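Listing of structure-v3.txt, compact mmCIF, C-alpha atoms
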# COMPACT_ATOMS: atom_id res chain seq x y z
CA MET A 1 4.81 24.31 0.91
CA THR A 2 5.36 20.82 2.35
CA PRO A 3 7.49 18.55 0.15
CA ASP A 4 5.50 15.70 -1.35
CA ASN A 5 7.85 12.85 -0.41
CA TRP A 6 6.48 10.60 -3.14
CA SER A 7 9.35 8.14 -2.58
CA PHE A 8 7.95 7.39 0.91
CA VAL A 9 4.44 6.94 -0.50
CA PHE A 10 5.65 4.47 -3.15
CA ALA A 11 7.87 2.68 -0.61
CA ALA A 12 4.86 2.12 1.69
CA TYR A 13 2.52 0.95 -1.10
CA GLY A 14 5.27 -1.17 -2.70
CA PHE A 15 6.13 -2.85 0.60
CA ALA A 16 2.45 -3.60 1.30
CA LEU A 17 2.03 -5.04 -2.21
CA VAL A 18 5.05 -7.34 -1.82
CA VAL A 19 3.96 -8.58 1.64
CA LEU A 20 0.32 -9.22 0.66
CA VAL A 21 1.18 -10.92 -2.66
CA ALA A 22 3.81 -13.09 -0.89
CA TYR A 23 1.23 -14.26 1.68
CA TRP A 24 -1.33 -14.96 -1.05
CA CYS A 25 1.29 -17.00 -2.98
CA PHE A 26 2.09 -18.95 0.21
CA LEU A 27 -1.61 -19.82 0.69
CA VAL A 28 -2.10 -20.87 -2.94
CA ARG A 29 1.09 -22.97 -3.01
CA ARG A 30 0.35 -24.69 0.31
CA GLU A 31 -3.24 -25.46 -0.69
CA ARG A 32 -2.06 -26.90 -4.03
CA GLU A 33 0.57 -29.07 -2.29
CA LEU A 34 -1.96 -30.42 0.20
CA THR A 35 -4.71 -30.98 -2.38
CA GLU A 36 -2.35 -32.78 -4.78
CA GLY A 37 -0.77 -34.73 -1.88
CA GLY A 38 -4.26 -35.75 -0.74
CA GLU A 39 -5.18 -36.91 -4.26
CA VAL A 40 -2.03 -39.02 -4.48
CA ALA A 41 -2.70 -40.57 -1.05
CA ARG A 42 -6.33 -41.31 -1.97
CA ASN A 43 -5.30 -42.93 -5.28
CA SER A 44 -2.64 -45.08 -3.61
CA ARG A 45 -5.17 -46.15 -0.94
CA LYS A 46 -7.66 -47.10 -3.67
CA GLU A 47 -5.01 -49.16 -5.47
CA SER A 48 -4.00 -50.98 -2.26
CA GLY A 49 -7.65 -51.45 -1.18
CA VAL A 50 -7.37 -49.45 2.10
CA SER A 51 -10.48 -47.45 3.15
CA GLU A 52 -10.54 -43.61 3.45
CA PRO A 53 -9.70 -42.09 6.87
CA LYS A 54 -12.71 -40.55 8.64
CA SER A 55 -11.09 -37.10 8.83
CA ALA A 56 -11.19 -36.80 5.01
CA SER A 57 -14.96 -36.52 5.04
CA ARG A 58 -15.28 -33.43 7.29
CA GLY A 59 -17.48 -30.50 6.38
CA PRO A 60 -16.42 -27.14 4.95
CA VAL A 61 -14.26 -24.71 6.96
CA PRO A 62 -14.07 -22.77 9.12
CA MET B 63 -17.75 -18.71 -3.81
CA ARG B 64 -14.04 -18.28 -3.06
CA ARG B 65 -13.43 -16.90 -6.55
CA LEU B 66 -16.29 -14.47 -6.08
CA LEU B 67 -14.78 -13.30 -2.79
CA GLY B 68 -11.36 -12.99 -4.45
CA GLY B 69 -12.86 -10.96 -7.29
CA ALA B 70 -14.74 -8.67 -4.89
CA THR B 71 -11.52 -8.18 -2.86
CA LEU B 72 -9.50 -7.27 -5.96
CA ALA B 73 -12.23 -4.88 -7.12
CA GLY B 74 -12.32 -3.30 -3.66
CA LEU B 75 -8.54 -2.86 -3.55
CA ALA B 76 -8.57 -1.36 -7.06
CA ALA B 77 -11.34 1.06 -6.03
CA GLY B 78 -9.27 1.93 -2.96
CA LEU B 79 -6.24 2.76 -5.11
CA VAL B 80 -8.40 4.98 -7.35
CA MET B 81 -9.68 6.79 -4.24
CA ASP B 82 -6.15 7.09 -2.76
CA PHE B 83 -4.42 8.51 -5.82
CA GLY B 84 -7.19 9.70 -8.18
CA VAL B 85 -9.98 11.14 -6.06
CA SER B 86 -8.54 12.10 -2.67
CA PRO B 87 -6.93 15.58 -2.70
CA ARG B 88 -3.38 16.48 -1.66
CA GLU B 89 -3.47 17.13 2.08
CA ALA B 90 -2.68 20.78 2.95
CA THR B 91 -0.28 20.23 5.89
CA GLN B 92 1.55 16.98 5.11
CA GLY B 93 1.35 16.97 1.31
CA ASN B 94 1.05 13.74 -0.65
CA VAL B 95 2.80 11.64 2.00
CA GLN B 96 -0.53 11.68 3.91
CA ARG B 97 -1.78 9.13 1.31
CA ILE B 98 0.03 6.48 3.37
CA MET B 99 -2.87 6.88 5.82
CA TYR B 100 -5.15 4.97 3.38
CA LEU B 101 -2.88 1.95 3.88
CA HIS B 102 -1.86 2.44 7.52
CA VAL B 103 -5.28 2.98 9.16
CA PRO B 104 -7.17 0.11 7.37
CA SER B 105 -4.22 -2.18 8.24
CA VAL B 106 -4.59 -1.48 11.96
CA TRP B 107 -8.38 -1.88 11.64
CA VAL B 108 -7.84 -5.38 10.19
CA ALA B 109 -5.36 -6.17 12.98
CA TYR B 110 -7.94 -5.16 15.63
CA LEU B 111 -10.64 -7.17 13.82
CA ALA B 112 -8.38 -10.23 13.48
CA PHE B 113 -7.44 -10.26 17.17
CA ALA B 114 -11.08 -9.70 18.22
CA ILE B 115 -12.00 -12.77 16.13
CA VAL B 116 -9.16 -14.70 17.86
CA LEU B 117 -10.76 -13.75 21.20
CA VAL B 118 -14.26 -14.92 20.17
CA ALA B 119 -12.99 -18.11 18.50
CA SER B 120 -10.78 -18.93 21.51
CA ILE B 121 -13.69 -18.59 23.94
CA THR B 122 -15.82 -20.74 21.59
CA TYR B 123 -13.09 -23.37 21.45
CA LEU B 124 -12.74 -23.54 25.25
CA ILE B 125 -16.52 -23.95 25.65
CA ARG B 126 -17.31 -26.30 22.75
CA ARG B 127 -13.93 -27.82 21.84
CA ALA B 128 -14.82 -27.27 18.18
CA GLU B 129 -11.80 -27.76 15.89
CA ALA B 130 -13.22 -25.25 13.40
CA ALA B 131 -13.10 -22.54 16.10
CA ASP B 132 -9.47 -23.41 16.84
CA ARG B 133 -8.58 -23.23 13.14
CA LEU B 134 -10.38 -19.88 12.84
CA ALA B 135 -8.42 -18.51 15.83
CA HIS B 136 -5.11 -19.77 14.40
CA ALA B 137 -5.82 -18.37 10.91
CA SER B 138 -7.04 -15.03 12.27
CA ALA B 139 -4.00 -14.64 14.54
CA GLU B 140 -1.64 -15.24 11.61
CA VAL B 141 -3.43 -12.70 9.40
CA GLY B 142 -3.55 -10.28 12.36
CA VAL B 143 0.23 -10.56 12.80
CA LEU B 144 0.68 -9.87 9.07
CA PHE B 145 -1.44 -6.70 9.23
CA THR B 146 0.11 -5.52 12.52
CA ALA B 147 3.56 -5.80 10.93
CA LEU B 148 2.23 -3.91 7.91
CA THR B 149 0.82 -1.21 10.22
CA ILE B 150 4.18 -0.78 11.97
CA ALA B 151 6.13 -0.73 8.68
CA THR B 152 3.84 1.77 6.93
CA GLY B 153 3.71 3.91 10.09
CA SER B 154 7.48 3.96 10.23
CA ILE B 155 7.72 4.99 6.56
CA TRP B 156 5.12 7.71 7.21
CA GLY B 157 6.90 8.80 10.42
CA LYS B 158 10.25 9.58 8.79
CA PRO B 159 9.09 12.55 6.64
CA THR B 160 6.48 13.81 9.14
CA TRP B 161 8.14 13.27 12.55
CA GLY B 162 11.74 13.19 11.33
CA THR B 163 12.38 9.69 12.69
CA TRP B 164 11.67 6.09 11.63
CA TRP B 165 10.91 5.02 15.19
CA THR B 166 10.34 6.42 18.66
CA TRP B 167 9.37 4.68 21.92
CA ASP B 168 6.05 6.49 21.99
CA ALA B 169 3.14 4.86 23.90
CA ARG B 170 1.21 3.91 20.72
CA LEU B 171 4.25 2.51 18.90
CA THR B 172 5.44 0.62 21.98
CA SER B 173 2.00 -0.85 22.78
CA VAL B 174 1.44 -1.97 19.18
CA SER B 175 4.91 -3.60 19.19
CA ILE B 176 3.96 -5.48 22.37
CA LEU B 177 0.73 -6.55 20.62
CA LEU B 178 2.77 -7.92 17.70
CA VAL B 179 5.20 -9.77 20.00
CA MET B 180 2.31 -11.32 21.98
CA TYR B 181 0.63 -12.74 18.86
CA VAL B 182 3.95 -13.92 17.38
CA GLY B 183 4.34 -15.73 20.73
CA TYR B 184 0.82 -17.13 20.28
CA LEU B 185 1.82 -18.60 16.89
CA LEU B 186 5.11 -19.94 18.28
CA LEU B 187 3.28 -21.58 21.19
CA ARG B 188 1.04 -23.43 18.74
CA GLY B 189 4.08 -24.70 16.88
CA LEU B 190 5.98 -25.75 20.02
CA ILE B 191 3.41 -28.04 21.63
CA GLU B 192 3.22 -31.44 19.93
CA ASP B 193 -0.12 -32.52 21.41
CA ARG B 194 -2.61 -30.79 19.11
CA GLU B 195 -5.45 -30.61 21.69
CA GLN B 196 -3.18 -29.27 24.44
CA GLY B 197 -1.62 -26.72 22.05
CA ALA B 198 -5.08 -25.52 21.01
CA ARG B 199 -6.15 -25.16 24.67
CA PHE B 200 -3.04 -23.19 25.71
CA ALA B 201 -3.28 -21.02 22.58
CA ALA B 202 -6.96 -20.29 23.33
CA VAL B 203 -6.03 -19.02 26.81
CA LEU B 204 -3.25 -16.85 25.38
CA GLY B 205 -5.62 -15.64 22.64
CA ILE B 206 -8.01 -14.39 25.34
CA VAL B 207 -5.29 -12.79 27.51
CA ALA B 208 -3.55 -11.06 24.56
CA ALA B 209 -6.81 -9.41 23.47
CA PHE B 210 -6.67 -7.18 26.56
CA ASN B 211 -3.84 -5.34 24.81
CA ILE B 212 -6.15 -4.11 21.99
CA PRO B 213 -7.88 -1.34 24.05
CA LEU B 214 -4.47 -0.46 25.52
CA VAL B 215 -3.13 0.15 21.99
CA HIS B 216 -6.18 2.09 20.84
CA PHE B 217 -6.53 4.35 23.91
CA SER B 218 -2.78 4.80 24.51
CA VAL B 219 -2.94 8.12 22.62
CA TYR B 220 -5.46 9.42 25.19
CA TRP B 221 -3.90 7.92 28.31
CA TRP B 222 -0.30 9.09 27.68
CA ARG B 223 1.30 12.11 26.02
CA THR B 224 2.31 10.73 22.65
CA LEU B 225 3.86 11.86 19.39
CA HIS B 226 1.25 9.75 17.55
CA GLN B 227 -1.92 11.73 16.87
CA PRO B 228 -5.30 10.62 18.34
CA PRO B 229 -7.67 8.70 16.03
CA SER B 230 -9.44 10.78 13.39
CA LEU B 231 -12.03 8.16 12.46
CA MET B 232 -12.13 5.19 14.87
CA LYS B 233 -13.56 7.27 17.74
CA PRO B 234 -16.98 8.31 19.07
CA GLY B 235 -18.63 11.28 17.34
CA LEU B 236 -18.33 12.75 13.88
CA ALA B 237 -15.13 12.56 11.83
CA THR B 238 -13.07 15.73 11.83
CA MET B 239 -11.69 15.12 8.33
CA PRO B 240 -13.12 16.34 5.00
CA GLY B 241 -15.82 14.08 3.52
CA ILE B 242 -13.76 12.98 0.51
CA ILE B 243 -10.90 11.76 2.74
CA VAL B 244 -13.39 9.90 4.97
CA ALA B 245 -14.94 8.34 1.82
CA ALA B 246 -11.50 7.18 0.59
CA LEU B 247 -10.76 5.69 4.00
CA LEU B 248 -14.11 3.89 4.14
CA VAL B 249 -13.53 2.32 0.68
CA ASN B 250 -10.17 1.05 1.92
CA PHE B 251 -11.69 -0.19 5.17
CA ALA B 252 -14.19 -2.26 3.13
CA ALA B 253 -11.49 -3.56 0.76
CA PHE B 254 -9.14 -4.53 3.59
CA THR B 255 -11.98 -6.25 5.46
CA LEU B 256 -12.71 -8.34 2.33
CA LEU B 257 -8.99 -9.12 2.07
CA TYR B 258 -9.02 -10.24 5.71
CA VAL B 259 -11.99 -12.58 5.09
CA TYR B 260 -10.29 -13.94 1.93
CA PHE B 261 -7.00 -14.63 3.73
CA VAL B 262 -8.58 -16.11 6.87
CA THR B 263 -10.90 -18.48 5.00
CA GLY B 264 -7.97 -19.55 2.79
CA ARG B 265 -5.67 -20.12 5.77
CA ALA B 266 -8.38 -22.01 7.71
CA ARG B 267 -8.86 -24.27 4.67
CA VAL B 268 -5.10 -24.93 4.51
CA LEU B 269 -5.08 -25.75 8.25
CA ARG B 270 -7.94 -28.22 7.72
CA LEU B 271 -6.09 -29.89 4.84
CA GLU B 272 -2.92 -30.09 6.99
CA ALA B 273 -4.89 -31.75 9.82
CA GLU B 274 -6.39 -34.24 7.34
CA ALA B 275 -2.96 -35.00 5.88
CA GLU B 276 -1.58 -35.70 9.37
CA ALA B 277 -4.55 -37.94 10.33

If you convert what's in this file into structure tokens, what do you get?
Amino acid sequence: MTPDNWSFVFAAYGFALVVLVAYWCFLVRRERELTEGGEVARNSRKESGVSEPKSASRGPVP
Amino acid sequence: MRRLLGGATLAGLAAGLVMDFGVSPREATQGNVQRIMYLHVPSVWVAYLAFAIVLVASITYLIRRAEAADRLAHASAEVGVLFTALTIATGSIWGKPTWGTWWTWDARLTSVSILLVMYVGYLLLRGLIEDREQGARFAAVLGIVAAFNIPLVHFSVYWWRTLHQPPSLMKPGLATMPGIIVAALLVNFAAFTLLYVYFVTGRARVLRLEAEAEA
């Protein structure tokens, strides 16, 4: 009977889990940075009386 | 909407895990190590899908010069590279107990490695060119040229004598596997496709925010 090699199965699933979760964390962190950075920039523009750039009013992506 | 997509993706992946470990039987020849197939084959499906979307979005960008098409191509290429790397890694882990080696310069493994290198080059090219419009144009051309490697990867197992087995599912005609294994694979195909859509829409949104921050 063929050996089961469970260690290889768990290694493959574990590796995939780590890679996919890491990419998801990267997306969430980057989006938060940019959204918060955008809020700060908008607030400082409001305080200094400068109008919004045109690019900030684009439609949804993609 | 994004939360709904995220929830559906998580539910799909959970259903896939139940199918992989709870429903699908132990394979007679390879034993339980065959369960890596439920990860390996949907990963390469997503890689093919991602690079096909890069091709379509690149052609669209060259015709219409739409920034959204460029962002879609960029996001899809990045997710495609992620899943190609995952395909190679899981295939290597599967290869050790079944073939007795982590790696061999077999036609399928070599062609998929070339595919990975080409799309890593695509992402590097985008980062190297400072002029955004010029970078997008060059990347679109490379995105079209690199797509010609996809059929080469898929049909390499027919065109050359390879250690890698021919496709059991992504081929014309009926599947040669038992129904329950096909069902488990299809659940994972659906879950991975949802994951692809979730990642690509998220990455495209981040790219839009980055462009707005730079403007």

* Asked: When distances are computed from all atoms listed in the file, which of B:Ala128, B:Val80, B:Leu257, B:Ile150 shows the smallest separation from Leu20 (chain A)?
  -> B:Leu257

* **Contacts of Trp164 (chain B) at 10 Å (only C-alpha atoms; same-chain gap of 5+ positions) as a ChimeraX atom specification** => /B:151,153-159

Mind writing the picked residues with C-alpha atoms as a PDB file, keeping the file's coordinate frame?
ATOM      1  CA  ALA B 151       6.130  -0.730   8.680  1.00  0.00           C
ATOM      2  CA  GLY B 153       3.710   3.910  10.090  1.00  0.00           C
ATOM      3  CA  SER B 154       7.480   3.960  10.230  1.00  0.00           C
ATOM      4  CA  ILE B 155       7.720   4.990   6.560  1.00  0.00           C
ATOM      5  CA  TRP B 156       5.120   7.710   7.210  1.00  0.00           C
ATOM      6  CA  GLY B 157       6.900   8.800  10.420  1.00  0.00           C
ATOM      7  CA  LYS B 158      10.250   9.580   8.790  1.00  0.00           C
ATOM      8  CA  PRO B 159       9.090  12.550   6.640  1.00  0.00           C
TER       9      PRO B 159
END

* Asked: In Å, with one decimal, what is the gap from CA of Phe261 (chain B) to CA of Thr122 (chain B)?
  ->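 Value for the CA of Phe261 (chain B)-CA of Thr122 (chain B) distance: 20.8 Å.
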
* Closest of B:Ser138, B:Ser86, B:Asn94, B:Thr166 to Ser7 (chain A) - atom-to-atom distances counting all atoms listed in the file ->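 Of B:Ser138, B:Ser86, B:Asn94, B:Thr166, the one nearest Ser7 (chain A), counting all atoms listed in the file, is B:Asn94.
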
* Pull out every residue of chain B sitting within 10 Å of chain A, counting only C-alpha atoms, and send them as an MDAnalysis selection string. => chainID B and resid 79 88:102 105 129:135 137 141 144:145 147:149 151:160 257 260:277

* Work out how far CA of His216 (chain B) is from CA of Tyr123 (chain B), in Å to one decimal. => 26.4 Å

* To do: Grab the CA of Ala202 (chain B) to CA of Gly142 (chain B) distance for me, in Å with one decimal place.
  =>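 CA of Gly142 (chain B) lies at a distance of 15.2 Å from CA of Ala202 (chain B).
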
* **For Ile212 (chain B), the nearest of the candidates B:Ser173, B:Val143, B:Leu66, B:Thr255, counting all atoms listed in the file** =>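 Closest residue, counting all atoms listed in the file: B:Ser173.
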